[in-house]
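K.L.:
So here's run-v5.txt, just compact mmCIF, C-alpha atoms and all ligand atoms:
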# COMPACT_ATOMS: atom_id res chain seq x y z
CA VAL A 1132 8.10 8.10 12.41
CA ARG A 1133 5.78 10.04 10.13
CA GLU A 1134 2.16 9.95 11.32
CA THR A 1135 -0.93 9.67 9.19
CA THR A 1136 -4.70 9.45 9.52
CA LEU A 1137 -6.49 6.45 8.05
CA PRO A 1138 -8.62 7.86 5.22
CA GLY A 1139 -12.12 8.96 6.20
CA THR A 1140 -11.51 8.22 9.90
CA ASP A 1141 -10.06 9.88 12.98
CA VAL A 1142 -7.53 7.08 13.50
CA PHE A 1143 -4.16 8.78 13.75
CA THR A 1144 -1.36 6.25 13.43
CA SER A 1145 2.29 5.72 12.49
CA ALA A 1146 3.27 5.30 8.84
CA ILE A 1147 5.17 2.13 9.82
CA GLY A 1148 3.16 -0.60 11.53
CA LEU A 1149 4.46 -3.79 13.09
CA GLY A 1150 2.83 -7.04 11.97
CA THR A 1151 2.61 -9.69 14.68
CA ALA A 1152 2.52 -12.83 12.48
CA GLU A 1153 6.30 -13.12 11.96
CA LEU A 1154 6.99 -12.70 15.68
CA TYR A 1155 6.02 -16.35 16.14
CA ARG A 1156 9.22 -17.46 14.44
CA LEU A 1157 10.71 -16.54 17.84
CA PRO A 1158 10.09 -19.44 20.24
CA CYS A 1159 10.28 -17.31 23.37
CA ALA A 1160 7.49 -14.92 24.48
CA ALA A 1161 10.02 -12.56 26.13
CA ASP A 1162 11.81 -12.13 22.79
CA ARG A 1163 8.52 -11.39 21.01
CA ARG A 1164 7.69 -8.81 23.64
CA ARG A 1165 11.12 -7.21 23.17
CA ILE A 1166 10.34 -6.63 19.47
CA LEU A 1167 6.98 -5.05 20.35
CA ALA A 1168 8.74 -2.79 22.87
CA ALA A 1169 11.53 -1.91 20.40
CA ALA A 1170 8.90 -0.90 17.87
CA LEU A 1171 7.03 1.32 20.33
CA ASP A 1172 10.31 2.88 21.53
CA ALA A 1173 11.21 3.65 17.91
CA GLY A 1174 7.91 5.47 17.36
CA VAL A 1175 5.88 2.65 15.75
CA HIS A 1176 2.49 2.49 17.42
CA HIS A 1177 0.41 0.69 14.79
CA PHE A 1178 0.19 -3.07 15.53
CA ASP A 1179 -1.50 -5.52 13.18
CA THR A 1180 -2.78 -8.85 14.45
CA ALA A 1181 -5.48 -11.48 13.79
CA PRO A 1182 -7.18 -14.35 15.63
CA MET A 1183 -5.15 -16.85 13.58
CA TYR A 1184 -1.69 -15.34 14.24
CA GLY A 1185 0.60 -17.25 16.57
CA LEU A 1186 -1.97 -20.07 16.57
CA GLY A 1187 -4.36 -17.91 18.57
CA VAL A 1188 -1.76 -16.50 20.95
CA ALA A 1189 -0.88 -13.24 19.16
CA GLU A 1190 -3.92 -11.19 20.22
CA HIS A 1191 -3.45 -12.22 23.87
CA GLU A 1192 0.24 -11.28 23.89
CA LEU A 1193 -0.47 -7.97 22.16
CA GLY A 1194 -3.24 -7.25 24.68
CA ARG A 1195 -0.85 -7.92 27.54
CA PHE A 1196 1.72 -5.64 25.93
CA ALA A 1197 -0.87 -2.87 25.46
CA ARG A 1198 -1.88 -2.99 29.16
CA GLY A 1199 -1.43 0.45 30.69
CA ARG A 1200 -0.56 2.04 27.35
CA ARG A 1201 -3.81 1.59 25.39
CA ASP A 1202 -3.93 5.27 24.41
CA ARG A 1203 -0.45 4.99 22.84
CA VAL A 1204 -1.14 2.02 20.55
CA VAL A 1205 -3.32 1.53 17.49
CA LEU A 1206 -4.65 -2.03 17.41
CA ALA A 1207 -5.75 -3.55 14.10
CA THR A 1208 -7.31 -7.01 14.00
CA LYS A 1209 -9.47 -9.07 11.67
CA PHE A 1210 -12.27 -11.63 11.46
CA GLY A 1211 -13.18 -14.52 9.18
CA VAL A 1212 -10.35 -16.94 9.92
CA ALA A 1213 -9.67 -18.38 13.36
CA THR A 1214 -7.39 -20.95 14.92
CA SER A 1215 -8.91 -24.44 15.28
CA ALA A 1216 -8.98 -26.34 18.58
CA VAL A 1217 -5.95 -28.36 17.41
CA GLY A 1218 -4.16 -25.13 16.43
CA ARG A 1219 -4.92 -23.54 19.81
CA ALA A 1220 -3.60 -26.61 21.63
CA LEU A 1221 -0.37 -26.34 19.63
CA GLY A 1222 -0.31 -22.58 20.30
CA HIS A 1223 0.10 -23.30 24.02
CA VAL A 1224 3.26 -25.28 23.27
CA GLN A 1225 4.53 -22.56 20.93
CA GLY A 1226 8.13 -22.76 22.24
CA PRO A 1227 8.84 -26.45 21.49
CA VAL A 1228 7.08 -26.27 18.09
CA ARG A 1229 9.03 -23.17 17.04
CA ARG A 1230 12.31 -24.64 18.32
CA LEU A 1231 11.66 -27.79 16.28
CA PHE A 1232 10.96 -25.67 13.19
CA ASN A 1233 14.08 -23.57 13.75
CA ALA A 1234 16.18 -26.74 14.03
CA ALA A 1235 14.63 -28.16 10.84
CA PRO A 1236 14.07 -25.26 8.39
CA SER A 1237 12.81 -27.53 5.59
CA LEU A 1238 10.04 -28.82 7.89
CA ARG A 1239 9.20 -25.22 8.86
CA ASP A 1240 9.04 -24.12 5.22
CA ARG A 1241 6.73 -27.02 4.36
CA ALA A 1242 4.48 -26.23 7.32
CA ARG A 1243 4.44 -22.54 6.38
CA ARG A 1244 3.54 -23.27 2.75
CA SER A 1245 0.73 -25.59 3.72
CA ALA A 1246 -0.59 -23.60 6.67
CA VAL A 1247 -1.28 -20.07 5.53
CA GLY A 1248 -5.01 -20.51 6.07
CA PRO A 1249 -7.82 -23.05 6.23
CA GLY A 1250 -7.90 -23.45 2.46
CA ALA A 1251 -4.19 -24.23 2.28
CA GLY A 1252 -3.35 -27.92 2.40
CA SER A 1253 -3.80 -30.49 5.14
CA ALA A 1254 -1.92 -28.52 7.81
CA GLY A 1255 -3.97 -25.43 6.96
CA SER A 1256 -7.30 -27.19 7.43
CA LEU A 1257 -6.08 -28.78 10.66
CA LEU A 1258 -4.84 -25.54 12.24
CA TYR A 1259 -7.36 -22.96 11.04
CA VAL A 1260 -11.11 -22.63 10.49
CA ASP A 1261 -13.13 -20.30 8.31
CA THR A 1262 -15.58 -18.54 10.60
CA GLY A 1263 -17.26 -16.55 7.83
CA TYR A 1264 -18.14 -12.92 7.25
CA ASP A 1265 -21.77 -12.77 8.34
CA VAL A 1266 -22.99 -10.57 11.18
CA PRO A 1267 -23.12 -13.22 13.97
CA ALA A 1268 -19.59 -14.37 13.06
CA ALA A 1269 -18.30 -10.78 13.03
CA ARG A 1270 -19.93 -10.05 16.40
CA ARG A 1271 -18.54 -13.22 18.03
CA SER A 1272 -15.08 -12.60 16.63
CA LEU A 1273 -15.03 -8.97 17.79
CA GLU A 1274 -16.12 -9.98 21.31
CA THR A 1275 -13.37 -12.62 21.45
CA SER A 1276 -10.75 -10.19 20.10
CA LEU A 1277 -11.74 -7.47 22.58
CA ARG A 1278 -11.29 -9.94 25.45
CA ALA A 1279 -7.94 -11.18 24.11
CA LEU A 1280 -6.68 -7.65 23.46
CA GLU A 1281 -7.91 -6.53 26.93
CA THR A 1282 -9.68 -3.51 25.52
CA ASP A 1283 -13.19 -2.26 24.82
CA TYR A 1284 -12.48 -1.05 21.29
CA VAL A 1285 -10.22 -1.91 18.36
CA ASP A 1286 -8.91 0.84 16.10
CA LEU A 1287 -9.25 -1.10 12.86
CA PHE A 1288 -11.39 -4.22 12.32
CA MET A 1289 -11.13 -5.97 8.97
CA LEU A 1290 -12.58 -8.84 6.99
CA HIS A 1291 -9.63 -11.26 6.75
CA GLU A 1292 -8.95 -12.57 3.23
CA PRO A 1293 -12.59 -12.71 2.03
CA ARG A 1294 -13.46 -13.84 -1.48
CA PRO A 1295 -16.08 -11.67 -3.20
CA GLY A 1296 -18.79 -14.37 -3.08
CA ASP A 1297 -18.30 -14.80 0.69
CA VAL A 1298 -19.69 -11.43 1.72
CA ARG A 1299 -23.25 -10.08 2.00
CA SER A 1300 -22.14 -6.49 1.71
CA ALA A 1301 -25.23 -4.60 2.87
CA ASP A 1302 -25.67 -6.66 6.08
CA ILE A 1303 -22.06 -6.59 7.16
CA ARG A 1304 -21.60 -2.92 6.25
CA ALA A 1305 -24.63 -1.97 8.38
CA TRP A 1306 -23.29 -3.98 11.32
CA LEU A 1307 -19.75 -2.56 11.02
CA GLU A 1308 -21.17 0.98 10.91
CA HIS A 1309 -23.23 0.12 14.01
CA ALA A 1310 -20.10 -1.25 15.76
CA ARG A 1311 -18.31 2.00 14.89
CA ASP A 1312 -21.17 4.18 16.14
CA ALA A 1313 -21.23 2.13 19.35
CA GLY A 1314 -17.50 2.79 19.86
CA MET A 1315 -16.42 -0.85 19.57
CA VAL A 1316 -14.37 -0.21 16.42
CA ARG A 1317 -12.95 3.10 15.25
CA ALA A 1318 -12.52 2.10 11.61
CA TRP A 1319 -13.20 -1.00 9.54
CA GLY A 1320 -12.01 -2.47 6.28
CA VAL A 1321 -10.87 -5.43 4.21
CA ALA A 1322 -7.46 -7.17 4.31
CA GLY A 1323 -5.88 -9.57 1.86
CA GLU A 1324 -4.68 -9.94 -1.71
CA PRO A 1325 -5.26 -6.88 -3.94
CA GLY A 1326 -7.79 -8.36 -6.40
CA PRO A 1327 -10.32 -9.76 -3.89
CA VAL A 1328 -9.82 -6.78 -1.54
CA ALA A 1329 -10.62 -4.31 -4.33
CA ARG A 1330 -13.81 -6.18 -5.29
CA VAL A 1331 -15.07 -6.65 -1.73
CA ALA A 1332 -14.14 -3.08 -0.67
CA ASP A 1333 -15.83 -1.58 -3.75
CA ASP A 1334 -19.04 -3.38 -2.74
CA LEU A 1335 -18.72 -2.25 0.89
CA GLY A 1336 -18.34 1.39 -0.07
CA PRO A 1337 -15.98 4.26 0.69
CA SER A 1338 -15.75 3.70 4.47
CA ALA A 1339 -13.81 0.46 3.94
CA ILE A 1340 -10.08 0.81 4.63
CA ARG A 1341 -8.03 -1.34 2.25
CA GLN A 1342 -5.15 -3.42 3.60
CA VAL A 1343 -3.37 -5.13 0.70
CA ARG A 1344 -0.28 -7.08 -0.27
CA GLU A 1345 1.97 -4.90 -2.37
CA ASP A 1346 5.62 -5.13 -3.38
CA ALA A 1347 7.86 -3.70 -6.08
CA PHE A 1348 7.27 -6.72 -8.35
CA LEU A 1349 3.47 -6.71 -7.92
CA ARG A 1350 3.34 -2.95 -8.50
CA SER A 1351 5.41 -3.23 -11.68
CA GLY A 1352 2.70 -5.36 -13.30
CA THR A 1353 -0.50 -3.64 -12.16
CA PRO A 1354 -2.06 -0.18 -12.46
CA ARG A 1355 -1.24 2.02 -9.48
CA ASP A 1356 -3.75 2.48 -6.68
CA THR A 1357 -3.24 6.03 -5.49
CA ARG A 1358 -5.62 5.92 -2.52
CA PRO A 1359 -4.02 5.89 0.94
CA ARG A 1360 -4.08 2.29 2.17
CA VAL A 1361 -2.35 -0.12 4.53
CA THR A 1362 0.14 -2.33 2.70
CA PHE A 1363 2.03 -5.46 3.71
CA GLY A 1364 4.47 -7.80 1.97
CA ALA A 1365 7.01 -5.20 0.81
CA LEU A 1366 9.86 -7.58 1.68
CA GLY A 1367 8.66 -11.13 2.32
CA ARG A 1368 8.51 -12.38 -1.27
CA ALA A 1369 10.31 -9.52 -3.03
CA MET A 1370 13.60 -9.80 -1.10
CA PRO A 1371 14.47 -13.40 -2.07
CA ARG A 1372 13.27 -12.76 -5.61
CA LEU A 1373 15.40 -9.67 -5.93
CA VAL A 1374 18.42 -11.37 -4.37
CA GLY A 1375 17.97 -14.15 -6.96
CA LEU A 1376 17.80 -11.58 -9.74
CA LEU A 1377 20.91 -9.81 -8.49
CA GLY A 1378 22.79 -13.06 -8.10
CA THR A 1379 22.30 -14.32 -11.65
CA ASP A 1380 25.21 -13.25 -13.81
CA SER A 1381 23.39 -14.26 -16.98
CA ARG A 1382 20.64 -11.69 -16.19
CA PRO A 1383 22.47 -8.37 -16.51
CA GLU A 1384 19.32 -6.25 -15.93
CA LEU A 1385 20.26 -5.43 -12.40
CA ARG A 1386 23.47 -5.66 -10.35
CA TRP A 1387 24.18 -4.81 -6.73
CA ALA A 1388 26.38 -1.92 -7.90
CA ASP A 1389 23.50 -0.42 -9.93
CA LEU A 1390 21.64 -0.08 -6.65
CA GLY A 1391 24.68 1.44 -4.90
CA LEU A 1392 24.93 -1.58 -2.60
CA ASP A 1393 27.68 -4.01 -1.66
CA PRO A 1394 26.90 -7.60 -2.67
CA ASP A 1395 24.77 -9.34 -0.07
CA ASP A 1396 23.79 -6.11 1.71
CA HIS A 1397 20.31 -7.43 2.51
CA ASP A 1398 19.54 -4.65 4.96
CA GLY A 1399 20.39 -2.09 2.24
CA LEU A 1400 18.16 -3.93 -0.19
CA ALA A 1401 15.35 -4.06 2.37
CA ARG A 1402 15.70 -0.31 2.90
CA LEU A 1403 15.34 0.29 -0.85
CA LEU A 1404 12.22 -1.84 -1.04
CA LEU A 1405 10.75 -0.09 2.00
CA ARG A 1406 11.58 3.33 0.50
CA ASP A 1407 9.85 2.26 -2.71
CA ALA A 1408 6.79 1.00 -0.79
CA LEU A 1409 6.52 4.21 1.26
CA ALA A 1410 6.84 6.36 -1.86
CA ALA A 1411 4.06 4.38 -3.56
CA ASN A 1412 1.68 4.98 -0.64
CA PRO A 1413 2.81 8.30 0.84
CA ALA A 1414 -0.23 8.95 3.02
CA GLY A 1415 -0.79 5.33 4.08
CA VAL A 1416 0.70 2.77 6.46
CA LEU A 1417 3.35 0.15 5.69
CA LEU A 1418 3.35 -3.01 7.79
CA LEU A 1419 6.66 -4.69 8.55
CA GLY A 1420 7.17 -8.27 9.68
CA THR A 1421 10.36 -8.92 11.60
CA THR A 1422 12.02 -10.85 14.40
CA ASP A 1423 14.89 -8.36 14.62
CA ALA A 1424 14.79 -5.08 16.55
CA GLY A 1425 17.52 -3.70 14.27
CA HIS A 1426 15.23 -4.24 11.29
CA VAL A 1427 12.47 -2.25 13.01
CA ARG A 1428 14.95 0.60 13.37
CA SER A 1429 15.95 0.30 9.68
CA ALA A 1430 12.31 0.76 8.65
CA VAL A 1431 11.88 3.71 10.99
CA GLU A 1432 15.04 5.36 9.64
CA VAL A 1433 13.81 4.89 6.07
CA ALA A 1434 10.46 6.45 6.95
CA ALA A 1435 12.20 9.42 8.58
CA ALA A 1436 14.84 9.94 5.86
CA ASP A 1437 14.82 12.47 3.09
CA PRO A 1438 12.93 10.70 0.26
CA CYS A 1439 15.39 12.11 -2.28
CA ALA A 1440 18.39 10.43 -0.63
CA SER A 1441 17.79 6.96 -2.09
CA ALA A 1442 15.69 8.11 -5.04
CA PRO A 1443 18.25 7.24 -7.78
CA ALA A 1444 18.60 3.63 -6.60
CA VAL A 1445 14.83 3.26 -6.17
CA GLY A 1446 14.47 4.67 -9.69
CA VAL A 1447 16.84 2.02 -11.08
CA LEU A 1448 14.93 -0.67 -9.24
CA THR A 1449 11.47 0.35 -10.40
CA THR A 1450 12.53 1.04 -14.00
CA THR A 1451 14.21 -2.37 -14.19
CA LEU A 1452 11.24 -4.21 -12.72
CA ALA A 1453 8.78 -2.32 -14.92
CA GLY A 1454 10.94 -3.27 -17.96
CA ALA A 1455 11.01 -6.90 -16.84
CA GLY A 1456 7.22 -6.78 -16.34
CA ARG A 1457 6.67 -5.40 -19.85
CA ARG A 1458 8.85 -8.10 -21.36
CA ARG A 1459 6.84 -10.78 -19.49
CA ASN A 1460 3.50 -9.40 -20.75
N1 LIG B 1 -4.26 -10.59 4.96
C1 LIG B 1 -3.53 -9.71 5.62
O1 LIG B 1 -4.00 -8.66 6.07
C2 LIG B 1 -2.08 -9.99 5.87
C3 LIG B 1 -1.41 -10.99 5.16
C4 LIG B 1 -0.03 -11.16 5.41
C5 LIG B 1 0.62 -10.35 6.35
N2 LIG B 1 -0.11 -9.40 7.02
C6 LIG B 1 0.51 -8.55 8.06
O2 LIG B 1 1.68 -7.99 7.58
C7 LIG B 1 2.72 -8.26 8.51
C8 LIG B 1 4.04 -8.28 7.82
O3 LIG B 1 4.11 -9.40 6.94
P1 LIG B 1 4.74 -9.22 5.54
O4 LIG B 1 4.41 -10.39 4.73
O5 LIG B 1 4.37 -7.86 5.10
O6 LIG B 1 6.30 -9.22 5.92
P2 LIG B 1 7.43 -8.35 5.19
O7 LIG B 1 7.70 -7.17 6.05
O8 LIG B 1 7.14 -8.16 3.76
O9 LIG B 1 8.69 -9.37 5.26
C9 LIG B 1 9.13 -9.91 6.43
C10 LIG B 1 10.50 -10.53 6.15
O10 LIG B 1 11.44 -9.49 5.82
C11 LIG B 1 12.59 -9.65 6.63
N3 LIG B 1 13.14 -8.32 6.92
C12 LIG B 1 12.53 -7.28 7.53
N4 LIG B 1 13.36 -6.22 7.61
C13 LIG B 1 14.53 -6.60 7.05
C14 LIG B 1 15.77 -5.94 6.85
N5 LIG B 1 15.99 -4.67 7.22
N6 LIG B 1 16.76 -6.64 6.24
C15 LIG B 1 16.58 -7.92 5.85
N7 LIG B 1 15.40 -8.59 6.02
C16 LIG B 1 14.40 -7.94 6.62
C17 LIG B 1 12.14 -10.34 7.87
O11 LIG B 1 13.20 -11.09 8.42
P3 LIG B 1 13.75 -10.76 9.90
O12 LIG B 1 12.84 -11.46 10.84
O13 LIG B 1 15.13 -11.30 9.87
O14 LIG B 1 13.72 -9.27 10.06
C18 LIG B 1 11.02 -11.26 7.36
O15 LIG B 1 11.55 -12.50 6.92
C19 LIG B 1 2.32 -9.58 9.16
O16 LIG B 1 2.94 -9.76 10.42
C20 LIG B 1 0.85 -9.35 9.30
O17 LIG B 1 0.58 -8.57 10.46
C21 LIG B 1 -1.41 -9.19 6.78
Let me see the structure of the file written as structure tokens.
P.N.:
Amino acid sequence: VRETTLPGTDVFTSAIGLGTAELYRLPCAADRRRILAAALDAGVHHFDTAPMYGLGVAEHELGRFARGRRDRVVLATKFGVATSAVGRALGHVQGPVRRLFNAAPSLRDRARRSAVGPGAGSAGSLLYVDTGYDVPAARRSLETSLRALETDYVDLFMLHEPRPGDVRSADIRAWLEHARDAGMVRAWGVAGEPGPVARVADDLGPSAIRQVREDAFLRSGTPRDTRPRVTFGALGRAMPRLVGLLGTDSRPELRWADLGLDPDDHDGLARLLLRDALAANPAGVLLLGTTDAGHVRSAVEVAAADPCASAPAVGVLTTTLAGAGRRRN
């Protein structure tokens, strides 16, 4: 996998990172560990986690995985949102909860929609708590994450989904710089949706690494950010939307054949979207969420391939989406 350095830091990492949130669709810890191992074997050594992922379990499992190989992994975590006591209790019975969700996908989808964070519905406020972005909260969260990750430093420490009014920039910037100078974090930044991240990161200054949601649809409607950044969400929402677009005969803008793909070749479609995301952020990092080791390998192959190979199909995709975006506006 191509390697890159996070801008303004000495954090050298892989251009593909593995997100640990989706792993918790797998009920069994051994299967989650297999995906982590498959990623590392394939050359991915950037791992993104957070105190809220896996209902508080994700950091611990990643820490266990990193045991004995700390110098080979780049660990990114966040602060500002944590798992509540109820969420943590459920996290310990991860297997039965996930098996129930897998047996009843509509229940899982409802839970997912209402539980993306403390501000999201009744399940969200039951499972997660806002811990805030002030200095004591950041310090406590870092100490807890270091224990869970079984390490004495994290490579990237980010404010998790802050809103601009939530952050006292000068205080938290000074503390994050202190944490970096003390060797507890190697780089710091802001993670979340592009609008709030841009506003909070602008206030925090040039040292802040930006980790933002970005996909082909979002990019088609917004001005391009050319700075190297960490991106996530290339597939999660864009894949079903694109499949819907391709499946509608009455919308002739885009057909599977235009993209050089057989109908229902979802892996091929994912590869195109990943190619497009890598091309839009050539010196940055692209996070992937998956429960499938084969899909890790697809992403790694895309990152290693000649960018010109799939350029025509990516061109068709972006031109079509940009056209659709212009018609919407
Ligand atoms: N605020 C933040 O900083 C923030 C917010 C959200 C997410 N994240 C991070 O980003 C990570 C990734 O999340 P995301 O939203 O960016 O996920 P994503 O990669 O956009 O999408 C994940 C989905 O794509 C599917 N997929 C992956 N490869 C595929 C392939 N080759 N063919 C078909 N389907 C494929 C996966 O299904 P399979 O399981 O079948 O592969 C999964 O359903 C998270 O784990 C988390 O670490 C950060």
K.L.:
Around ligand LIG 1 (chain B), which protein and nucleic acid residues have at least one atom no more than 6 Å from it, if we count only C-alpha atoms and all ligand atoms? List them as an MDAnalysis selection string.
P.N.:
chainID A and resid 1150:1153 1179:1180 1291:1292 1322:1323 1342 1363:1367 1397:1398 1401 1418:1423 1426 1429
K.L.:
Expressed in Å to a single decimal, how great is the separation between CA of Ser1272 in chain A and CA of Phe1210 in chain A?
P.N.:
6.0 Å
K.L.:
Smallest atom-to-atom distance to Met1289 in chain A: which of A:Thr1208, A:Thr1353, A:Thr1275, A:Asn1233, using all atoms listed in the file?
P.N.:
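Looking only at the distances to Met1289 in chain A, the closest residue turns out to be A:Thr1208.
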K.L.:
I'd like the neighbourhood of Gly1148 in chain A as a compact mmCIF listing (two decimals) with C-alpha atoms, in the coordinates of the input, where a residue qualifies if any of its atoms comes within 10 Å (using only C-alpha atoms), though same-chain residues fewer than 5 positions away should be ignored.
P.N.:
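Contents of out30.txt, as written:
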# COMPACT_ATOMS: atom_id res chain seq x y z
CA ALA A 1170 8.90 -0.90 17.87
CA LEU A 1171 7.03 1.32 20.33
CA GLY A 1174 7.91 5.47 17.36
CA VAL A 1175 5.88 2.65 15.75
CA HIS A 1176 2.49 2.49 17.42
CA HIS A 1177 0.41 0.69 14.79
CA PHE A 1178 0.19 -3.07 15.53
CA ASP A 1179 -1.50 -5.52 13.18
CA VAL A 1205 -3.32 1.53 17.49
CA LEU A 1206 -4.65 -2.03 17.41
CA ALA A 1207 -5.75 -3.55 14.10
CA VAL A 1361 -2.35 -0.12 4.53
CA THR A 1362 0.14 -2.33 2.70
CA PHE A 1363 2.03 -5.46 3.71
CA VAL A 1416 0.70 2.77 6.46
CA LEU A 1417 3.35 0.15 5.69
CA LEU A 1418 3.35 -3.01 7.79
CA LEU A 1419 6.66 -4.69 8.55
CA GLY A 1420 7.17 -8.27 9.68
CA VAL A 1427 12.47 -2.25 13.01
CA ALA A 1430 12.31 0.76 8.65
CA VAL A 1431 11.88 3.71 10.99
K.L.:
Near Ala1410 in chain A, within 10 Å and counting all atoms listed in the file, which residues show up once chain neighbours fewer than 6 positions away are dropped, as a list in words?
P.N.:
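The filter keeps Leu1404, Ala1434, Pro1438, Ala1442 and Val1445 of chain A.
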K.L.:
Write out as a VMD selection string which residues come within 8 Å of Val1316 in chain A when counting all atoms listed in the file, dropping same-chain ones fewer than 6 positions away.
P.N.:
chain A and resid 1284 to 1288 1307 1310
K.L.:
Which residue gives the smallest distance to Tyr1264 in chain A among A:Ala1301, A:Gly1211, A:Ala1216, A:Ser1276, with only C-alpha atoms counted?
P.N.:
A:Gly1211
K.L.:
Could you check how far CA of Val1433 in chain A sits from CA of Leu1193 in chain A, in Å to one decimal?
P.N.:
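It comes out at 25.1 Å.
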K.L.:
Go ahead and compute the interatomic distance for CA of Gly1222 in chain A and CA of Val1260 in chain A, in Å to one decimal.
P.N.:
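Straight-line distance from CA of Gly1222 in chain A to CA of Val1260 in chain A works out to 14.6 Å.
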K.L.:
My list of candidates is A:Ala1168, A:Ala1197, A:Met1183, A:Val1331. Which is closest to Leu1258 in chain A when distances are computed with all atoms listed in the file?
P.N.:
A:Met1183
K.L.:
With distances taken over all atoms listed in the file, which residue among A:Leu1405, A:Leu1137, A:Val1343, A:Ala1160 lies nearest Arg1195 in chain A?
P.N.:
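Checking each of A:Leu1405, A:Leu1137, A:Val1343, A:Ala1160 against Arg1195 in chain A, counting all atoms listed in the file, the winner is A:Ala1160.
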